[in-house]
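K.L.:
For reference, this is model_9.cif, and it has mmCIF, C-alpha atoms and all ligand atoms.
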```cif
data_work
#
loop_
_atom_site.label_atom_id
_atom_site.label_comp_id
_atom_site.auth_asym_id
_atom_site.auth_seq_id
_atom_site.Cartn_x
_atom_site.Cartn_y
_atom_site.Cartn_z
CA MET A 694 -19.80 7.10 -11.98
CA PRO A 695 -19.97 3.33 -11.23
CA ASP A 696 -22.85 1.41 -12.84
CA GLY A 697 -26.18 1.48 -11.02
CA VAL A 698 -25.34 4.48 -8.84
CA LYS A 699 -27.91 7.25 -8.62
CA GLY A 700 -26.56 10.80 -8.77
CA ASN A 701 -27.40 11.69 -5.17
CA MET A 702 -26.07 8.52 -3.53
CA ALA A 703 -22.86 8.60 -1.54
CA ARG A 704 -20.33 6.07 -2.81
CA VAL A 705 -18.36 3.84 -0.44
CA LEU A 706 -15.42 1.71 -1.58
CA ILE A 707 -14.09 -1.07 0.62
CA ILE A 708 -10.53 -2.06 -0.31
CA TYR A 709 -8.78 -5.13 1.10
CA ASP A 710 -5.93 -7.50 0.57
CA THR A 711 -5.84 -11.10 1.83
CA ARG A 712 -3.74 -14.25 1.74
CA TYR A 713 -6.37 -16.81 2.76
CA GLY A 714 -9.67 -14.99 2.30
CA SER A 715 -10.71 -13.89 5.77
CA THR A 716 -10.10 -10.19 5.17
CA LYS A 717 -12.12 -10.41 1.94
CA THR A 718 -14.98 -12.00 3.90
CA ILE A 719 -14.84 -9.19 6.47
CA ALA A 720 -14.75 -6.57 3.67
CA GLU A 721 -17.92 -8.13 2.23
CA TRP A 722 -19.64 -8.08 5.64
CA ILE A 723 -18.67 -4.42 6.07
CA ALA A 724 -20.21 -3.79 2.64
CA GLU A 725 -23.44 -5.54 3.68
CA GLY A 726 -23.63 -3.40 6.81
CA ALA A 727 -23.06 -0.17 4.85
CA ALA A 728 -25.60 -1.14 2.18
CA SER A 729 -28.19 -1.95 4.85
CA ILE A 730 -28.41 1.77 5.67
CA GLY A 731 -29.94 2.35 2.26
CA HIS A 732 -28.71 5.64 0.88
CA VAL A 733 -25.20 4.53 -0.12
CA ALA A 734 -23.75 2.66 -3.10
CA VAL A 735 -21.11 0.19 -1.97
CA ALA A 736 -18.30 -1.57 -3.85
CA VAL A 737 -15.60 -4.01 -2.69
CA GLN A 738 -12.24 -4.20 -4.52
CA ASN A 739 -8.96 -6.02 -4.02
CA VAL A 740 -6.13 -3.55 -3.46
CA ALA A 741 -4.40 -4.73 -6.67
CA GLU A 742 -7.27 -3.40 -8.78
CA ALA A 743 -8.72 -0.68 -6.56
CA ASP A 744 -9.35 2.80 -7.94
CA PRO A 745 -10.58 5.25 -5.27
CA ARG A 746 -11.26 8.16 -7.60
CA ASP A 747 -15.01 7.74 -8.10
CA PHE A 748 -15.82 7.24 -4.41
CA ASP A 749 -16.58 9.53 -1.45
CA PHE A 750 -15.61 7.28 1.45
CA ILE A 751 -12.75 4.78 1.34
CA VAL A 752 -12.62 1.90 3.84
CA ILE A 753 -9.31 0.03 3.63
CA GLY A 754 -8.16 -3.02 5.53
CA SER A 755 -5.41 -5.59 5.82
CA PRO A 756 -4.69 -8.79 7.69
CA ILE A 757 -1.75 -8.70 10.10
CA TYR A 758 1.26 -10.86 9.28
CA GLU A 759 4.25 -10.87 11.62
CA GLU A 760 2.97 -7.77 13.43
CA HIS A 761 2.37 -5.67 10.30
CA PRO A 762 -0.31 -5.01 7.70
CA LEU A 763 0.51 -6.30 4.20
CA PRO A 764 2.87 -4.03 2.22
CA SER A 765 0.33 -3.93 -0.64
CA VAL A 766 -2.13 -2.02 1.56
CA VAL A 767 0.48 0.26 3.14
CA ASN A 768 1.87 1.05 -0.33
CA PHE A 769 -1.59 1.72 -1.74
CA LEU A 770 -2.18 4.41 0.90
CA ALA A 771 1.19 5.98 0.17
CA ALA A 772 0.73 5.87 -3.61
CA ASN A 773 -2.82 7.29 -3.53
CA ARG A 774 -2.32 10.22 -1.16
CA ASP A 775 -3.41 12.68 -3.85
CA HIS A 776 -6.63 10.75 -4.49
CA LEU A 777 -7.45 10.29 -0.81
CA ASN A 778 -6.70 13.67 0.72
CA ASP A 779 -10.15 15.12 0.03
CA LYS A 780 -12.02 12.00 1.16
CA ASP A 781 -13.25 10.37 4.33
CA VAL A 782 -11.30 7.24 5.20
CA ALA A 783 -11.75 4.33 7.61
CA LEU A 784 -9.03 1.81 8.45
CA PHE A 785 -9.27 -1.76 9.71
CA VAL A 786 -7.01 -4.70 10.43
CA VAL A 787 -7.74 -8.40 10.89
CA CYS A 788 -5.69 -10.43 13.38
CA VAL A 789 -5.85 -13.38 15.75
CA ASP A 790 -4.57 -11.35 18.72
CA TYR A 791 -8.03 -9.82 18.81
CA GLY A 792 -9.59 -10.52 22.19
CA GLU A 793 -6.24 -11.38 23.85
CA VAL A 794 -4.99 -7.80 24.14
CA PRO A 795 -6.99 -4.57 24.79
CA LYS A 796 -8.24 -3.10 21.53
CA GLU A 797 -6.46 0.25 22.06
CA GLU A 798 -3.18 -1.63 22.26
CA LEU A 799 -3.92 -3.53 19.04
CA VAL A 800 -4.76 -0.24 17.31
CA GLN A 801 -1.41 1.22 18.37
CA ARG A 802 0.50 -1.92 17.49
CA TYR A 803 -1.11 -2.90 14.20
CA VAL A 804 -2.87 0.14 12.69
CA ALA A 805 0.03 2.62 13.08
CA ASP A 806 1.59 1.69 9.71
CA LEU A 807 -1.72 2.46 7.98
CA GLN A 808 -2.41 5.63 9.95
CA ALA A 809 1.02 7.01 9.14
CA ARG A 810 0.30 6.83 5.41
CA ALA A 811 -3.41 7.57 5.26
CA ALA A 812 -4.17 10.91 3.68
CA GLY A 813 -7.71 12.23 4.08
CA ARG A 814 -9.89 12.45 7.14
CA VAL A 815 -9.63 9.20 9.14
CA ARG A 816 -13.13 8.86 10.57
CA ALA A 817 -12.98 5.37 12.04
CA ILE A 818 -10.50 2.63 12.96
CA GLU A 819 -11.42 -0.96 13.79
CA VAL A 820 -9.73 -4.23 14.68
CA PHE A 821 -11.43 -7.52 13.77
CA GLY A 822 -10.74 -11.08 14.84
CA GLY A 823 -9.29 -13.27 12.10
CA TYR A 824 -9.19 -16.89 11.01
CA LEU A 825 -6.30 -19.28 10.90
CA ASP A 826 -6.18 -22.95 9.90
CA VAL A 827 -2.63 -24.28 10.07
CA ASN A 828 -3.45 -27.08 7.61
CA LYS A 829 -4.42 -24.59 4.90
CA LEU A 830 -1.32 -22.38 5.11
CA SER A 831 1.58 -22.23 2.66
CA ASP A 832 4.72 -24.03 3.86
CA THR A 833 6.37 -20.70 4.72
CA ASP A 834 3.40 -19.46 6.75
CA ARG A 835 2.89 -22.83 8.48
CA ASN A 836 6.53 -22.92 9.55
CA LEU A 837 6.26 -19.40 10.97
CA ILE A 838 3.14 -20.31 12.95
CA GLU A 839 4.64 -23.58 14.20
CA ASP A 840 7.80 -21.79 15.36
CA PHE A 841 5.65 -19.21 17.13
CA ALA A 842 3.53 -21.91 18.77
CA LYS A 843 6.68 -23.70 19.98
CA LEU A 844 8.10 -20.44 21.34
CA MET A 845 4.87 -19.76 23.23
CA GLY A 846 4.56 -23.37 24.36
CA ILE A 847 0.99 -23.56 23.02
CA PRO A 848 -0.45 -25.71 20.25
CA ILE A 849 -2.03 -23.73 17.39
CA THR A 850 -4.11 -25.64 14.87
CA GLN A 851 -7.18 -23.55 14.16
CA VAL A 852 -8.38 -20.15 15.39
CA ASN A 853 -11.72 -18.70 14.33
CA LYS A 854 -12.50 -15.22 15.63
CA LEU A 855 -14.56 -14.07 12.63
CA ASP A 856 -17.62 -12.09 13.73
CA LYS A 857 -20.09 -11.04 11.07
CA GLN A 858 -22.09 -8.81 13.42
CA SER A 859 -19.17 -6.56 14.36
CA ALA A 860 -18.15 -6.17 10.70
CA ARG A 861 -21.71 -5.27 9.66
CA LYS A 862 -21.90 -2.79 12.53
CA PHE A 863 -18.71 -1.08 11.35
CA GLY A 864 -20.16 -0.84 7.83
CA ALA A 865 -23.34 0.73 9.17
CA GLN A 866 -21.27 3.20 11.21
CA VAL A 867 -19.41 4.25 8.05
CA ALA A 868 -22.67 4.78 6.17
CA HIS A 869 -23.99 6.89 9.06
CA PHE A 870 -20.95 9.20 8.77
CA LEU A 871 -22.13 10.00 5.25
CA GLU A 872 -25.44 11.21 6.66
CA GLN A 873 -23.66 13.56 9.09
CA PRO A 874 -20.86 15.36 7.21
C1 LIG A 901 2.49 -16.46 9.18
C2 LIG A 901 1.41 -15.73 9.94
C3 LIG A 901 1.73 -14.66 10.76
C4 LIG A 901 0.73 -14.01 11.50
N1 LIG A 901 1.07 -12.98 12.31
C5 LIG A 901 0.12 -12.43 13.11
C6 LIG A 901 0.47 -11.42 14.07
O1 LIG A 901 1.62 -10.98 14.16
N2 LIG A 901 -0.51 -10.96 14.88
C7 LIG A 901 -1.81 -11.41 14.81
O2 LIG A 901 -2.63 -10.98 15.60
N3 LIG A 901 -2.18 -12.31 13.87
C8 LIG A 901 -1.24 -12.84 13.04
N4 LIG A 901 -1.60 -13.78 12.11
C9 LIG A 901 -3.02 -14.15 11.94
C10 LIG A 901 -3.66 -13.50 10.71
O3 LIG A 901 -3.70 -12.09 10.85
C11 LIG A 901 -5.09 -14.05 10.54
O4 LIG A 901 -5.00 -15.43 10.27
C12 LIG A 901 -5.89 -13.35 9.46
O5 LIG A 901 -7.26 -13.72 9.58
C13 LIG A 901 -5.40 -13.69 8.05
O6 LIG A 901 -6.13 -12.96 7.11
P1 LIG A 901 -6.30 -13.39 5.57
O7 LIG A 901 -7.05 -14.73 5.56
O8 LIG A 901 -7.14 -12.30 4.99
O9 LIG A 901 -4.95 -13.48 4.94
C14 LIG A 901 -0.62 -14.44 11.37
C15 LIG A 901 -0.93 -15.50 10.52
C16 LIG A 901 0.05 -16.15 9.79
C17 LIG A 901 -0.32 -17.30 8.89
#
```
Will you turn the file into C-alpha cells for me?
Ligand SMILES: Cc1cc2nc3c(=O)[nH]c(=O)nc-3n(C[C@H](O)[C@H](O)[C@H](O)COP(=O)(O)O)c2cc1C
P.N.:
Amino acid sequence: MPDGVKGNMARVLIIYDTRYGSTKTIAEWIAEGAASIGHVAVAVQNVAEADPRDFDFIVIGSPIYEEHPLPSVVNFLAANRDHLNDKDVALFVVCVDYGEVPKEELVQRYVADLQARAAGRVRAIEVFGGYLDVNKLSDTDRNLIEDFAKLMGIPITQVNKLDKQSARKFGAQVAHFLEQP
C-alpha cells in the first residue's frame, strides 16, 4: 500500500506522458480535483515509472502529436492489460484542436487508439485543451508546426487552451465514481 494511505481509502493513480509539460500540469490538476473530494488517496506518475498494481482507479492521459497519442501511453495500456482488467479506468487526451471541433469528434479521432487497448471498465473519457509555444519546441516539432501553419495559411506562434477548472472537475468526477461502485 502506498505511504500515507489509510486502509479504507480508494486509491487513484493518474498516469501521463508529456513532451513539454502541459499534460503533466493537467494530470496534477486532475489529482487536485480528485483529492478535493476527500475520501481518496491520489498519486501522479509518469508513464515510464508507473505501476498500476496498488491502485483501484487508473486515469491515463496523453498529449496528441500528429493526430495520435504518444506511443508510450498506448504501449503502457497494451502491456498492462492483465493489471488493468479488474480496475476502473478513465482516459484523457490533451490537444490544441480542442474548441475548434465538436468534442465527440475529437474523442473519436484522438482517443480511439487508447480505447482500443484499454482493458478494464472505462468509466470516463475527456479531451482537454493544450498549450503550444513554437519558440519552445524542438527543431523537429517546430518544423512540423511551421509546415502545418503554412499549409493552413495561418500563423501559429502560441496557443494556450489550458483550463484548470475543467481538469479539476474531471478529477472530482473520477473520485465520485469511487463512491458509487
Ligand atoms: C509537432 C506537434 C504536433 C501536434 N499535433 C497535434 C494534432 O495533431 N492535433 C492537435 O490537436 N494538437 C496537436 N499538437 C498540440 C499538442 O497536442 C499540444 O501542444 C499539447 O498541449 C502538448 O502536450 P505536452 O506539453 O504535454 O507535450 C501538436 C503539437 C506539436 C508540437
K.L.:
Taking 2 positions as the minimum chain separation for residues in the same chain, which residues sit within 6 Å of range 774-788 of chain A when counting all atoms listed in the file? Answer as a tab-separated table (two decimals) with C-alpha atoms, in the coordinates of the input.
P.N.:
```
chain	number	residue	atom	x	y	z
A	749	ASP	CA	-16.58	9.53	-1.45
A	750	PHE	CA	-15.61	7.28	1.45
A	751	ILE	CA	-12.75	4.78	1.34
A	752	VAL	CA	-12.62	1.90	3.84
A	753	ILE	CA	-9.31	0.03	3.63
A	754	GLY	CA	-8.16	-3.02	5.53
A	755	SER	CA	-5.41	-5.59	5.82
A	756	PRO	CA	-4.69	-8.79	7.69
A	757	ILE	CA	-1.75	-8.70	10.10
A	771	ALA	CA	1.19	5.98	0.17
A	772	ALA	CA	0.73	5.87	-3.61
A	790	ASP	CA	-4.57	-11.35	18.72
A	791	TYR	CA	-8.03	-9.82	18.81
A	812	ALA	CA	-4.17	10.91	3.68
A	813	GLY	CA	-7.71	12.23	4.08
A	814	ARG	CA	-9.89	12.45	7.14
A	815	VAL	CA	-9.63	9.20	9.14
A	816	ARG	CA	-13.13	8.86	10.57
A	817	ALA	CA	-12.98	5.37	12.04
A	818	ILE	CA	-10.50	2.63	12.96
A	819	GLU	CA	-11.42	-0.96	13.79
A	820	VAL	CA	-9.73	-4.23	14.68
A	821	PHE	CA	-11.43	-7.52	13.77
A	822	GLY	CA	-10.74	-11.08	14.84
A	823	GLY	CA	-9.29	-13.27	12.10
```
K.L.:
Give me, as a Markdown table, each residue of chain A that comes within 10 Å of ligand LIG 901 (chain A), together with its shortest interatomic pair and the distance in Å at one decimal, counting only C-alpha atoms and all ligand atoms, with rows ordered by chain and rising residue number.
P.N.:
```
| residue | atom | partner | partner_atom | distance |
| --- | --- | --- | --- | --- |
| A:Tyr709 | CA | A:LIG901 | O8 | 8.3 |
| A:Asp710 | CA | A:LIG901 | O8 | 6.6 |
| A:Thr711 | CA | A:LIG901 | O8 | 3.6 |
| A:Arg712 | CA | A:LIG901 | O9 | 3.5 |
| A:Tyr713 | CA | A:LIG901 | O7 | 3.6 |
| A:Gly714 | CA | A:LIG901 | O7 | 4.2 |
| A:Ser715 | CA | A:LIG901 | O7 | 3.8 |
| A:Thr716 | CA | A:LIG901 | O8 | 3.6 |
| A:Lys717 | CA | A:LIG901 | O8 | 6.1 |
| A:Thr718 | CA | A:LIG901 | O8 | 7.9 |
| A:Ile719 | CA | A:LIG901 | O8 | 8.4 |
| A:Ala720 | CA | A:LIG901 | O8 | 9.6 |
| A:Gly754 | CA | A:LIG901 | O8 | 9.4 |
| A:Ser755 | CA | A:LIG901 | O8 | 7.0 |
| A:Pro756 | CA | A:LIG901 | O6 | 4.4 |
| A:Ile757 | CA | A:LIG901 | O3 | 4.0 |
| A:Tyr758 | CA | A:LIG901 | N1 | 3.7 |
| A:Glu759 | CA | A:LIG901 | O1 | 3.7 |
| A:Glu760 | CA | A:LIG901 | O1 | 3.6 |
| A:His761 | CA | A:LIG901 | O1 | 6.6 |
| A:Pro762 | CA | A:LIG901 | O3 | 8.5 |
| A:Leu763 | CA | A:LIG901 | O9 | 9.1 |
| A:Val786 | CA | A:LIG901 | O3 | 8.1 |
| A:Val787 | CA | A:LIG901 | O3 | 5.5 |
| A:Cys788 | CA | A:LIG901 | O3 | 3.6 |
| A:Val789 | CA | A:LIG901 | O2 | 4.0 |
| A:Asp790 | CA | A:LIG901 | O2 | 3.7 |
| A:Tyr791 | CA | A:LIG901 | O2 | 6.4 |
| A:Gly792 | CA | A:LIG901 | O2 | 9.6 |
| A:Glu793 | CA | A:LIG901 | O2 | 9.0 |
| A:Val794 | CA | A:LIG901 | O2 | 9.4 |
| A:Leu799 | CA | A:LIG901 | O2 | 8.3 |
| A:Arg802 | CA | A:LIG901 | N2 | 9.5 |
| A:Tyr803 | CA | A:LIG901 | N2 | 8.1 |
| A:Val820 | CA | A:LIG901 | O2 | 9.8 |
| A:Phe821 | CA | A:LIG901 | O5 | 8.6 |
| A:Gly822 | CA | A:LIG901 | O5 | 6.8 |
| A:Gly823 | CA | A:LIG901 | O5 | 3.3 |
| A:Tyr824 | CA | A:LIG901 | O5 | 4.0 |
| A:Leu825 | CA | A:LIG901 | O4 | 4.1 |
| A:Asp826 | CA | A:LIG901 | O4 | 7.6 |
| A:Val827 | CA | A:LIG901 | C17 | 7.4 |
| A:Lys829 | CA | A:LIG901 | C17 | 9.3 |
| A:Leu830 | CA | A:LIG901 | C17 | 6.4 |
| A:Ser831 | CA | A:LIG901 | C17 | 8.2 |
| A:Asp832 | CA | A:LIG901 | C1 | 9.5 |
| A:Thr833 | CA | A:LIG901 | C1 | 7.3 |
| A:Asp834 | CA | A:LIG901 | C1 | 4.0 |
| A:Arg835 | CA | A:LIG901 | C17 | 6.4 |
| A:Asn836 | CA | A:LIG901 | C1 | 7.6 |
| A:Leu837 | CA | A:LIG901 | C1 | 5.1 |
| A:Ile838 | CA | A:LIG901 | C1 | 5.4 |
| A:Glu839 | CA | A:LIG901 | C1 | 9.0 |
| A:Asp840 | CA | A:LIG901 | C1 | 9.7 |
| A:Phe841 | CA | A:LIG901 | C3 | 8.8 |
| A:Gln851 | CA | A:LIG901 | O4 | 9.3 |
| A:Val852 | CA | A:LIG901 | O4 | 7.7 |
| A:Asn853 | CA | A:LIG901 | O5 | 8.2 |
| A:Lys854 | CA | A:LIG901 | O5 | 8.1 |
| A:Leu855 | CA | A:LIG901 | O5 | 7.9 |
```
K.L.:
State, in Å with one decimal place, the distance from CA of Ala811 in chain A to CA of Asn739 in chain A.
P.N.:
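Calculated distance between CA of Ala811 in chain A and CA of Asn739 in chain A is 17.4 Å.
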K.L.:
Could you give me, as a compact mmCIF listing (two decimals) with C-alpha atoms, keeping the file's coordinate frame, the residues within 9 Å of Ala868 in chain A, counting only C-alpha atoms and dropping anything in the same chain fewer than 4 positions from it?
P.N.:
```txt
# COMPACT_ATOMS: atom_id res chain seq x y z
CA ALA A 703 -22.86 8.60 -1.54
CA VAL A 705 -18.36 3.84 -0.44
CA GLY A 726 -23.63 -3.40 6.81
CA ALA A 727 -23.06 -0.17 4.85
CA ALA A 728 -25.60 -1.14 2.18
CA SER A 729 -28.19 -1.95 4.85
CA ILE A 730 -28.41 1.77 5.67
CA GLY A 731 -29.94 2.35 2.26
CA HIS A 732 -28.71 5.64 0.88
CA VAL A 733 -25.20 4.53 -0.12
CA PHE A 750 -15.61 7.28 1.45
CA PHE A 863 -18.71 -1.08 11.35
CA GLY A 864 -20.16 -0.84 7.83
CA GLU A 872 -25.44 11.21 6.66
```
K.L.:
Looking at A:Lys843, A:Asn768, A:Asn701, A:Leu706, which one is nearest to Pro745 in chain A, with distances taken over all atoms listed in the file?
P.N.:
A:Leu706
K.L.:
For range 741-747 of chain A, I'd like the enclosing box, axis-aligned and padded by 4 Å on every side, reported as lines of an AutoDock Vina configuration file with centre and edge lengths in Å to one decimal.
P.N.:
```
center_x = -9.7
center_y = 1.7
center_z = -7.0
size_x = 18.6
size_y = 20.9
size_z = 11.5
```
K.L.:
For CA of Ile723 in chain A and CA of Lys862 in chain A, determine how far apart the two atoms are, in Å to one decimal place.
P.N.:
7.4 Å
K.L.:
One decimal, Å: what's the distance from CA of Ser859 in chain A over to CA of Glu798 in chain A, could you say?
P.N.:
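According to the coordinates, CA of Ser859 in chain A and CA of Glu798 in chain A are separated by 18.5 Å.
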